[in-house]
$ cat my_file.csv   # CSV, C-alpha atoms
chain,number,residue,atom,x,y,z
A,1,MET,CA,-51.3,26.5,185.1
A,2,LYS,CA,-48.3,26.8,187.4
A,3,ARG,CA,-47.4,30.3,188.5
A,4,VAL,CA,-43.8,29.9,187.3
A,5,TYR,CA,-45.0,29.3,183.8
A,6,ILE,CA,-47.1,32.5,183.9
A,7,ILE,CA,-44.1,34.4,185.1
A,8,LEU,CA,-41.8,33.0,182.4
A,9,MET,CA,-44.4,33.7,179.7
A,10,THR,CA,-44.7,37.3,180.9
A,11,ILE,CA,-41.0,37.6,180.7
A,12,ALA,CA,-40.9,36.3,177.1
A,13,VAL,CA,-43.7,38.8,176.1
A,14,LEU,CA,-41.9,41.7,177.7
A,15,MET,CA,-38.5,40.8,176.3
A,16,SER,CA,-39.9,40.5,172.8
A,17,ALA,CA,-41.9,43.7,173.2
A,18,GLY,CA,-38.7,45.4,174.3
A,19,LEU,CA,-37.2,44.7,170.9
A,20,PHE,CA,-39.4,47.5,169.5
A,21,LEU,CA,-37.5,50.0,171.5
A,22,PHE,CA,-34.3,49.1,169.7
A,23,ASP,CA,-35.8,48.8,166.3
A,24,ASP,CA,-34.0,51.7,164.7
A,25,LYS,CA,-30.6,51.0,166.2
A,26,LYS,CA,-28.3,49.6,163.5
A,27,PRO,CA,-25.6,47.2,164.2
A,28,ASP,CA,-22.3,48.9,164.8
A,29,ASP,CA,-20.2,48.0,161.8
A,30,GLN,CA,-19.2,51.6,161.1
A,31,LEU,CA,-16.8,53.7,163.0
A,32,SER,CA,-18.5,56.0,165.5
A,33,PRO,CA,-18.1,59.7,164.9
A,34,GLN,CA,-16.3,60.1,168.2
A,35,LYS,CA,-13.7,57.6,167.2
A,36,LEU,CA,-13.4,59.0,163.8
A,37,LEU,CA,-12.8,62.5,165.3
A,38,LEU,CA,-10.0,61.0,167.4
A,39,GLU,CA,-8.4,59.5,164.3
A,40,ILE,CA,-8.7,62.6,162.3
A,41,ASN,CA,-6.8,64.5,164.9
A,42,ASP,CA,-4.1,61.9,165.0
A,43,ASP,CA,-1.7,62.4,162.1
A,44,SER,CA,-0.2,58.9,162.1
A,45,ARG,CA,-2.1,58.2,158.9
A,46,TYR,CA,0.3,60.4,157.0
A,47,TRP,CA,3.2,58.8,155.2
A,48,SER,CA,5.9,61.1,153.9
A,49,THR,CA,6.8,61.0,150.2
A,50,ASP,CA,10.2,59.8,151.2
A,51,LEU,CA,8.8,56.8,153.0
A,52,VAL,CA,6.6,56.0,150.0
A,53,ALA,CA,9.5,56.4,147.6
A,54,ASP,CA,11.6,54.1,149.8
A,55,LYS,CA,8.9,51.5,149.8
A,56,ILE,CA,8.4,51.7,146.1
A,57,ILE,CA,12.2,51.3,145.4
A,58,LYS,CA,12.4,48.4,147.8
A,59,HIS,CA,9.4,46.8,146.1
A,60,ASP,CA,7.6,46.4,149.4
A,61,PRO,CA,5.1,43.7,148.6
A,62,ALA,CA,2.7,45.0,151.2
A,63,LEU,CA,2.4,48.4,149.5
A,64,LEU,CA,-0.8,49.2,147.7
A,65,LEU,CA,-0.8,52.7,146.1
A,66,ILE,CA,-4.2,54.1,145.2
A,67,ASP,CA,-4.5,57.2,143.1
A,68,VAL,CA,-7.9,58.8,143.9
A,69,ARG,CA,-7.7,61.4,141.1
A,70,SER,CA,-9.6,61.3,137.9
A,71,ASN,CA,-8.7,58.8,135.3
A,72,ASP,CA,-7.4,61.5,132.9
A,73,GLN,CA,-4.9,62.8,135.5
A,74,TYR,CA,-3.9,59.2,136.3
A,75,GLU,CA,-3.2,58.5,132.6
A,76,GLU,CA,-1.0,61.6,132.5
A,77,PHE,CA,1.1,60.9,135.5
A,78,SER,CA,1.0,58.7,138.5
A,79,LEU,CA,3.3,56.7,140.8
A,80,PRO,CA,4.6,53.4,139.6
A,81,GLY,CA,2.3,50.5,140.5
A,82,ALA,CA,-0.5,52.8,141.5
A,83,LEU,CA,-4.1,51.7,141.1
A,84,ASN,CA,-6.6,54.3,139.9
A,85,ILE,CA,-9.8,54.6,141.9
A,86,PRO,CA,-11.3,58.0,141.3
A,87,LEU,CA,-12.8,59.5,144.5
A,88,GLU,CA,-16.4,59.4,143.1
A,89,ASN,CA,-16.1,55.7,142.5
A,90,ILE,CA,-14.4,54.8,145.7
A,91,LEU,CA,-17.5,53.2,147.3
A,92,ASP,CA,-18.2,51.1,144.2
A,93,GLU,CA,-18.6,47.4,144.9
A,94,GLU,CA,-15.8,46.4,142.6
A,95,TRP,CA,-13.1,48.1,144.6
A,96,GLN,CA,-14.1,47.1,148.0
A,97,GLY,CA,-12.0,43.9,147.8
A,98,TYR,CA,-8.9,46.0,147.6
A,99,PHE,CA,-9.6,47.9,150.8
A,100,LEU,CA,-10.4,44.6,152.5
A,101,ALA,CA,-7.0,43.3,151.7
A,102,GLU,CA,-5.8,43.8,155.3
A,103,ASP,CA,-2.3,42.6,154.6
A,104,PHE,CA,-1.6,45.7,152.6
A,105,ASP,CA,-0.6,49.2,153.6
A,106,ILE,CA,-3.0,51.1,151.4
A,107,VAL,CA,-1.6,54.5,150.6
A,108,LEU,CA,-4.1,57.0,149.2
A,109,PHE,CA,-2.8,60.0,147.2
A,110,SER,CA,-4.0,62.8,145.0
A,111,ASN,CA,-2.4,66.0,143.8
A,112,ASP,CA,-2.5,67.4,147.3
A,113,GLU,CA,-4.0,65.9,150.4
A,114,ILE,CA,-7.6,67.0,150.0
A,115,TYR,CA,-9.1,64.2,147.8
A,116,ALA,CA,-6.9,61.6,149.5
A,117,GLY,CA,-8.0,62.9,152.9
A,118,GLN,CA,-11.7,62.7,151.8
A,119,ALA,CA,-11.2,59.2,150.6
A,120,TRP,CA,-9.5,58.3,153.9
A,121,ILE,CA,-12.4,59.6,155.9
A,122,LEU,CA,-15.0,57.8,153.8
A,123,LEU,CA,-13.1,54.5,154.0
A,124,ARG,CA,-12.3,54.8,157.7
A,125,ARG,CA,-16.0,55.5,158.4
A,126,LEU,CA,-16.7,52.2,156.7
A,127,ASN,CA,-14.1,50.7,159.1
A,128,TYR,CA,-11.5,49.7,156.6
A,129,LYS,CA,-8.1,49.3,158.1
A,130,ASN,CA,-4.4,50.1,157.3
A,131,LEU,CA,-5.2,53.2,155.3
A,132,ARG,CA,-2.5,55.9,154.8
A,133,VAL,CA,-2.4,59.2,153.1
A,134,MET,CA,0.7,60.4,151.3
A,135,GLN,CA,1.6,63.6,152.9
A,136,GLY,CA,1.4,66.6,150.5
A,137,GLY,CA,0.3,64.4,147.7
A,138,LEU,CA,1.9,64.4,144.2
A,139,ASN,CA,2.8,68.1,144.4
A,140,HIS,CA,5.0,67.4,147.4
A,141,TRP,CA,6.3,64.3,145.6
A,142,ALA,CA,7.4,66.6,142.8
A,143,GLU,CA,9.1,69.0,145.2
A,144,THR,CA,10.9,66.4,147.2
A,145,ILE,CA,11.6,63.4,145.0
A,146,MET,CA,11.5,64.9,141.5
A,147,GLN,CA,13.3,68.2,142.2
A,148,PRO,CA,15.1,67.8,145.5
A,149,LEU,CA,16.6,71.1,146.8
A,150,MET,CA,20.2,70.9,147.9
A,151,PRO,CA,20.3,71.8,151.6
A,152,LYS,CA,22.3,74.7,152.8
A,153,GLN,CA,25.9,74.1,153.8
A,154,SER,CA,25.0,74.8,157.4
A,155,ALA,CA,22.2,72.1,157.4
A,156,PRO,CA,22.6,69.1,159.6
A,157,GLN,CA,24.0,65.8,158.4
A,158,GLU,CA,20.5,64.2,158.2
A,159,ALA,CA,19.4,66.8,155.7
A,160,PHE,CA,22.2,65.8,153.4
A,161,GLU,CA,21.5,62.1,153.8
A,162,LEU,CA,17.9,62.8,153.0
A,163,TYR,CA,19.0,64.9,150.0
A,164,ASP,CA,21.2,62.0,148.8
A,165,PHE,CA,18.3,59.6,149.2
A,166,ARG,CA,16.0,61.9,147.2
A,167,ARG,CA,18.6,62.3,144.4
A,168,ALA,CA,19.0,58.5,144.2
A,169,ALA,CA,15.2,58.1,144.2
A,170,ASN,CA,15.0,60.7,141.5
A,171,GLN,CA,17.4,58.6,139.4
A,172,TYR,CA,15.3,55.6,140.1
A,173,PHE,CA,12.0,57.3,139.1
A,174,GLY,CA,13.3,58.5,135.8
A,175,GLY,CA,15.9,61.1,136.3
A,176,GLY,CA,13.9,64.2,137.1
A,177,SER,CA,12.1,64.2,133.8
A,178,GLY,CA,8.8,64.1,135.7
A,179,GLU,CA,7.5,61.6,133.3
A,180,ILE,CA,6.5,58.3,134.9
A,181,GLN,CA,5.0,55.5,133.0
A,182,PRO,CA,2.5,54.0,135.4
A,183,VAL,CA,2.8,50.2,135.6
A,184,ASP,CA,0.1,48.2,134.0
A,185,THR,CA,-2.4,47.9,136.8
A,186,GLU,CA,-3.6,44.5,135.5
A,187,THR,CA,-0.3,43.0,136.8
A,188,ILE,CA,-1.1,44.0,140.4
A,189,GLN,CA,-2.0,40.9,142.2
A,190,VAL,CA,-4.2,41.5,145.2
A,191,THR,CA,-5.6,38.6,147.1
A,192,ARG,CA,-9.1,39.7,147.7
A,193,LYS,CA,-10.7,38.6,150.8
A,194,LYS,CA,-14.3,37.9,151.0
A,195,LYS,CA,-16.1,40.6,152.8
A,196,LYS,CA,-17.3,38.3,155.5
A,197,SER,CA,-17.7,34.6,155.3
A,198,ALA,CA,-20.5,33.3,157.5
A,199,VAL,CA,-19.9,30.4,159.7
A,200,GLU,CA,-20.8,27.2,158.0
A,201,GLY,CA,-22.9,24.9,160.0
A,202,GLY,CA,-26.2,23.3,160.3
A,203,CYS,CA,-28.5,21.5,162.6
B,1,MET,CA,-17.0,40.1,170.2
B,2,GLY,CA,-18.8,37.1,168.9
B,3,PRO,CA,-19.3,34.7,167.3
B,4,LEU,CA,-16.3,33.4,169.2
B,5,ILE,CA,-14.7,30.9,166.9
B,6,PRO,CA,-14.8,32.8,163.5
B,7,PHE,CA,-13.4,35.9,165.3
B,8,GLY,CA,-10.6,33.8,166.8
B,9,VAL,CA,-11.5,34.4,170.4
B,10,ILE,CA,-11.6,30.6,170.7
B,11,GLY,CA,-9.2,28.9,168.3
B,12,ALA,CA,-10.7,26.7,165.6
B,13,GLN,CA,-8.7,23.7,167.0
B,14,TRP,CA,-11.2,23.6,169.8
B,15,ASP,CA,-14.1,23.0,167.4
B,16,LEU,CA,-14.3,19.3,168.1
B,17,VAL,CA,-14.0,19.7,171.9
B,18,ILE,CA,-16.7,22.3,171.9
B,19,ALA,CA,-18.9,20.2,169.6
B,20,LEU,CA,-18.4,17.3,172.0
B,21,LEU,CA,-19.3,19.4,175.1
B,22,ILE,CA,-22.4,20.8,173.4
B,23,GLY,CA,-23.4,17.3,172.2
B,24,VAL,CA,-23.1,15.9,175.7
B,25,ALA,CA,-25.2,18.8,177.1
B,26,PHE,CA,-27.8,18.5,174.3
B,27,GLY,CA,-28.0,14.8,174.9
B,28,TYR,CA,-28.4,15.3,178.6
B,29,VAL,CA,-31.2,17.8,178.1
B,30,LEU,CA,-33.0,15.6,175.6
B,31,GLU,CA,-32.8,12.6,177.8
B,32,SER,CA,-33.9,14.4,181.0
B,33,SER,CA,-36.8,16.0,179.1
B,34,GLY,CA,-37.9,12.4,178.2
B,35,PHE,CA,-37.1,12.8,174.6
B,36,SER,CA,-35.5,9.4,174.3
B,37,SER,CA,-39.0,7.9,174.5
B,38,SER,CA,-40.6,7.4,171.1
B,39,ARG,CA,-44.0,7.5,172.7
B,40,LYS,CA,-43.5,10.9,174.0
B,41,LEU,CA,-42.2,12.2,170.7
B,42,ALA,CA,-44.9,10.7,168.6
B,43,GLY,CA,-47.4,12.1,171.1
B,44,VAL,CA,-47.3,15.4,169.3
B,45,PHE,CA,-48.8,13.9,166.2
B,46,TYR,CA,-51.5,11.9,168.1
B,47,GLY,CA,-52.4,14.8,170.4
B,48,TYR,CA,-51.6,13.4,173.8
B,49,ASP,CA,-48.2,14.9,174.5
B,50,PHE,CA,-46.9,18.3,173.2
B,51,THR,CA,-43.6,18.4,175.1
B,52,VAL,CA,-41.7,18.4,171.9
B,53,LEU,CA,-43.5,21.3,170.5
B,54,ARG,CA,-43.1,23.3,173.7
B,55,VAL,CA,-39.4,22.5,174.1
B,56,PHE,CA,-38.4,23.4,170.6
B,57,PHE,CA,-40.6,26.4,170.4
B,58,THR,CA,-39.2,27.6,173.8
B,59,ALA,CA,-35.6,27.0,172.5
B,60,ALA,CA,-36.4,29.0,169.3
B,61,ILE,CA,-37.9,32.1,171.0
B,62,THR,CA,-35.2,32.1,173.7
B,63,ALA,CA,-32.5,31.9,171.1
B,64,VAL,CA,-34.0,34.6,168.9
B,65,ILE,CA,-34.6,37.1,171.7
B,66,GLY,CA,-31.2,36.4,173.2
B,67,LEU,CA,-29.4,36.7,169.9
B,68,ILE,CA,-31.1,40.0,169.0
B,69,TYR,CA,-30.3,41.5,172.5
B,70,PHE,CA,-26.7,40.3,172.2
B,71,SER,CA,-26.4,41.9,168.8
B,72,TYR,CA,-27.7,45.2,170.2
B,73,ALA,CA,-25.2,45.0,173.0
B,74,GLY,CA,-22.5,44.4,170.4
B,75,TRP,CA,-21.6,41.0,171.7
B,76,ILE,CA,-22.4,39.1,168.5
B,77,ASP,CA,-22.2,40.0,164.9
B,78,LEU,CA,-25.4,38.6,163.4
B,79,SER,CA,-24.1,38.9,159.9
B,80,MET,CA,-21.5,36.2,160.7
B,81,ILE,CA,-24.2,33.7,161.7
B,82,TYR,CA,-24.8,31.0,159.1
B,83,VAL,CA,-28.3,31.2,157.7
B,84,ASN,CA,-29.4,28.0,155.9
B,85,PRO,CA,-30.3,28.7,152.3
B,86,THR,CA,-33.9,28.1,151.6
B,87,PHE,CA,-34.9,25.6,148.9
B,88,VAL,CA,-38.7,25.7,148.9
B,89,THR,CA,-39.4,22.4,147.0
B,90,SER,CA,-36.9,20.3,148.8
B,91,ALA,CA,-37.9,21.8,152.2
B,92,ILE,CA,-41.5,20.7,151.5
B,93,VAL,CA,-40.6,17.2,150.2
B,94,GLY,CA,-37.9,16.7,152.8
B,95,GLY,CA,-40.2,17.9,155.6
B,96,ALA,CA,-42.9,15.5,154.5
B,97,VAL,CA,-40.4,12.6,154.4
B,98,MET,CA,-38.9,13.5,157.7
B,99,GLY,CA,-42.4,14.0,159.3
B,100,LEU,CA,-43.5,10.6,158.0
B,101,GLY,CA,-40.4,9.0,159.4
B,102,PHE,CA,-40.9,10.8,162.7
B,103,ILE,CA,-44.5,9.5,163.0
B,104,MET,CA,-43.6,6.0,162.1
B,105,GLY,CA,-40.4,5.7,164.1
B,106,GLY,CA,-41.2,8.0,166.9
B,107,TYR,CA,-37.8,9.7,166.7
B,108,CYS,CA,-36.1,12.6,165.1
B,109,PRO,CA,-32.4,12.2,164.3
B,110,GLY,CA,-31.0,13.6,167.5
B,111,THR,CA,-33.4,11.8,169.8
B,112,SER,CA,-32.8,8.5,168.1
B,113,PHE,CA,-29.2,8.6,169.3
B,114,CYS,CA,-30.4,9.5,172.7
B,115,GLY,CA,-32.7,6.5,172.7
B,116,ALA,CA,-30.0,4.2,171.3
B,117,ALA,CA,-27.6,5.4,174.0
B,118,ILE,CA,-29.9,4.3,176.7
B,119,GLY,CA,-30.5,0.9,175.0
B,120,LYS,CA,-33.8,1.3,173.3
B,121,ILE,CA,-33.9,-1.2,170.5
B,122,ASP,CA,-36.4,0.7,168.3
B,123,ALA,CA,-34.0,3.7,168.5
B,124,MET,CA,-31.1,1.6,167.4
B,125,PHE,CA,-33.1,0.3,164.4
B,126,PHE,CA,-34.1,3.9,163.7
B,127,THR,CA,-30.5,5.0,163.5
B,128,ILE,CA,-29.7,2.1,161.2
B,129,GLY,CA,-32.5,3.2,159.0
B,130,MET,CA,-31.3,6.8,159.1
B,131,PHE,CA,-27.8,5.8,157.9
B,132,LEU,CA,-29.4,3.7,155.2
B,133,GLY,CA,-31.4,6.8,154.2
B,134,ILE,CA,-28.3,9.0,154.1
B,135,PHE,CA,-26.6,6.4,152.0
B,136,LEU,CA,-29.4,6.1,149.5
B,137,PHE,CA,-29.8,9.9,149.3
B,138,SER,CA,-26.1,10.3,148.6
B,139,GLU,CA,-26.1,7.5,146.0
B,140,PHE,CA,-29.2,8.9,144.2
B,141,PHE,CA,-28.3,12.5,144.6
B,142,PRO,CA,-27.4,13.1,141.0
B,143,ALA,CA,-30.9,11.8,140.0
B,144,ILE,CA,-32.7,14.1,142.4
B,145,SER,CA,-30.4,17.1,142.4
B,146,GLY,CA,-32.8,18.9,140.1
B,147,LEU,CA,-35.5,18.6,142.6
B,148,TYR,CA,-33.1,19.4,145.5
B,149,GLU,CA,-31.9,22.6,144.0
B,150,GLN,CA,-35.2,23.8,142.7
B,151,SER,CA,-36.7,27.1,143.8
B,152,SER,CA,-33.7,28.3,145.7
B,153,MET,CA,-34.2,31.5,147.6
B,154,GLY,CA,-30.8,31.9,149.1
B,155,PRO,CA,-30.2,32.5,152.8
B,156,VAL,CA,-33.4,34.5,153.3
B,157,LYS,CA,-35.1,35.2,156.6
B,158,VAL,CA,-38.8,34.8,157.2
B,159,TYR,CA,-39.4,38.4,158.2
B,160,GLU,CA,-37.7,39.6,155.0
B,161,VAL,CA,-39.9,37.4,152.9
B,162,LEU,CA,-43.0,38.6,154.7
B,163,GLY,CA,-41.9,42.2,154.6
B,164,LEU,CA,-42.3,42.6,158.4
B,165,SER,CA,-39.8,44.3,160.7
B,166,ARG,CA,-37.7,42.0,162.7
B,167,SER,CA,-39.1,43.1,166.0
B,168,LEU,CA,-42.7,42.7,164.9
B,169,PHE,CA,-42.0,39.3,163.6
B,170,VAL,CA,-40.3,38.2,166.8
B,171,PHE,CA,-43.1,39.6,168.9
B,172,LEU,CA,-45.7,37.8,166.8
B,173,LEU,CA,-43.7,34.6,167.0
B,174,VAL,CA,-43.5,34.8,170.8
B,175,ILE,CA,-47.3,35.4,171.0
B,176,VAL,CA,-48.0,32.5,168.7
B,177,ALA,CA,-45.6,30.3,170.7
B,178,LEU,CA,-47.2,31.2,174.0
B,179,ALA,CA,-50.7,30.7,172.5
B,180,ALA,CA,-49.6,27.3,171.4
B,181,PHE,CA,-48.3,26.5,174.9
B,182,ILE,CA,-51.6,27.4,176.5
B,183,LEU,CA,-53.6,25.6,173.8
B,184,THR,CA,-51.6,22.4,173.9
B,185,SER,CA,-51.7,22.2,177.7
B,186,MET,CA,-55.5,22.5,177.5
B,187,ILE,CA,-55.6,19.7,175.0
B,188,GLU,CA,-53.3,17.5,177.1
B,189,LYS,CA,-55.6,17.9,180.1
B,190,LYS,CA,-58.5,16.5,178.1
B,191,VAL,CA,-56.6,13.6,176.5
B,192,LYS,CA,-55.6,10.7,178.6
B,193,LYS,CA,-51.9,10.7,179.2
B,194,ILE,CA,-49.9,7.7,178.0
B,195,GLU,CA,-47.1,6.8,180.4
B,196,SER,CA,-43.8,6.8,178.6
$ encode --input "my_file.csv" --output "structure tokens"
Amino acid sequence: MKRVYIILMTIAVLMSAGLFLFDDKKPDDQLSPQKLLLEINDDSRYWSTDLVADKIIKHDPALLLIDVRSNDQYEEFSLPGALNIPLENILDEEWQGYFLAEDFDIVLFSNDEIYAGQAWILLRRLNYKNLRVMQGGLNHWAETIMQPLMPKQSAPQEAFELYDFRRAANQYFGGGSGEIQPVDTETIQVTRKKKKSAVEGGC
Amino acid sequence: MGPLIPFGVIGAQWDLVIALLIGVAFGYVLESSGFSSSRKLAGVFYGYDFTVLRVFFTAAITAVIGLIYFSYAGWIDLSMIYVNPTFVTSAIVGGAVMGLGFIMGGYCPGTSFCGAAIGKIDAMFFTIGMFLGIFLFSEFFPAISGLYEQSSMGPVKVYEVLGLSRSLFVFLLVIVALAAFILTSMIEKKVKKIES
């Protein structure tokens, strides 16, 4: 047998034996802890209640609100158009399609930021994109949109403009009664993307 | 990064161009390995020429080792690679039919075009027969679809079915391939070579 064949065969054996070294390494479809840490320290994921209110009022078609509180709390009060995915069910297969809808700005919220923040970390770890957290949660929503405080007379013009916006938003969301009828979630049309479609092809 | 086309690194409009380039390269390799000769191809069944076995086995182990290393390096997402669904019954029946045609005609689908391209009349008749077969299969598909779709296993991989780890399976495959190379070259030396 020619020497070159022997060399090539040895290379093939060594290369295939080398696969054992990498046996435990999983493919990198999750976000690395280092990158996640960077993103946790970056607060661009937060959306203010004013921004969320503005988008709801303008019927932003790319807005997808997700209430991560329990179903009971959701039934009691939630933002209009919000979808209820309790935190403990957030990894269920049936919801994954919503997070894959990359055309949407997915806004997670809870009473404060804790549950929403936990949901955000879980989902970012799974490398879902376009996830936001409503800053301050529904408590802050109540303070800012439901019962906006009149700024002091000495406050800058922007504060008054914001106050005007919040009062108008308050009117829109039901006049400060605090009672919001959540929209029937069945009507939310989300185009679910397939998780990953393999390339079709053959021999 | 890869696969390049599904991830949009290369636009899908280049599909046909790339297919053409790969086709030309594949045809060139087949022809230069002597695969446009039906004698050489049929030799694997009669035991005097095992080039076919060696070439395709080499292609398989090169591709499998390369793909796995690429996936470890993060250059290709293996979950995006199309895996043919396995239909056990139709694979056995189809394999028998294809093997019979291979022995009788001395070509497999790709090489018959190679042979036809360099003007071999048997290859041209083989391609005509192939199209006839495709036509008949399509026409009678409703009648045989039961058989065709029987015992579907979905897009499974061999090592999953065998319960082996991927690395072990690849290693064993390489060993088997190399053993086959050595064995077949020993057989070839004993059998008189037929000039193609």
$ interface_residues --input "my_file.csv" --of "chain B" --to "chain A" --cutoff "7 Å" --atoms "only C-alpha atoms" --output "JSON, numbers by chain"
{"B": [6, 65, 72, 80, 81, 82, 167, 170, 171, 174, 178]}
$ closest_residue --input "my_file.csv" --among "B:Leu30, B:Leu53, B:Cys108, B:Ile10" --to "Ser185 (chain B)" --atoms "all atoms listed in the file"
B:Leu53
$ atom_distance --input "my_file.csv" --atom1 "CA of Ala123 (chain B)" --atom2 "CA of Val29 (chain B)"
17.3 Å
$ closest_residue --input "my_file.csv" --among "B:Ser38, B:Gly119, B:Arg54, B:Tyr46" --to "Leu183 (chain B)" --atoms "all atoms listed in the file"
B:Arg54
$ residues_around --input "my_file.csv" --residues "region 19-23 of chain B" --least-positions-apart "4" --cutoff "12 Å" --atoms "only C-alpha atoms" --output "list in words"
Gly201 and Cys203 of chain A; Ile5, Ala12, Gln13, Trp14, Asp15, Gly27, Tyr28, Val29, Leu30, Glu31, Gly110, Thr111, Phe113 and Cys114 of chain B
$ write_last_selection --input "my_file.csv" --atoms "C-alpha atoms" --output "compact mmCIF listing (two decimals), keeping the file's coordinate frame"
# COMPACT_ATOMS: atom_id res chain seq x y z
CA GLY A 201 -22.90 24.90 160.00
CA CYS A 203 -28.50 21.50 162.60
CA ILE B 5 -14.70 30.90 166.90
CA ALA B 12 -10.70 26.70 165.60
CA GLN B 13 -8.70 23.70 167.00
CA TRP B 14 -11.20 23.60 169.80
CA ASP B 15 -14.10 23.00 167.40
CA GLY B 27 -28.00 14.80 174.90
CA TYR B 28 -28.40 15.30 178.60
CA VAL B 29 -31.20 17.80 178.10
CA LEU B 30 -33.00 15.60 175.60
CA GLU B 31 -32.80 12.60 177.80
CA GLY B 110 -31.00 13.60 167.50
CA THR B 111 -33.40 11.80 169.80
CA PHE B 113 -29.20 8.60 169.30
CA CYS B 114 -30.40 9.50 172.70
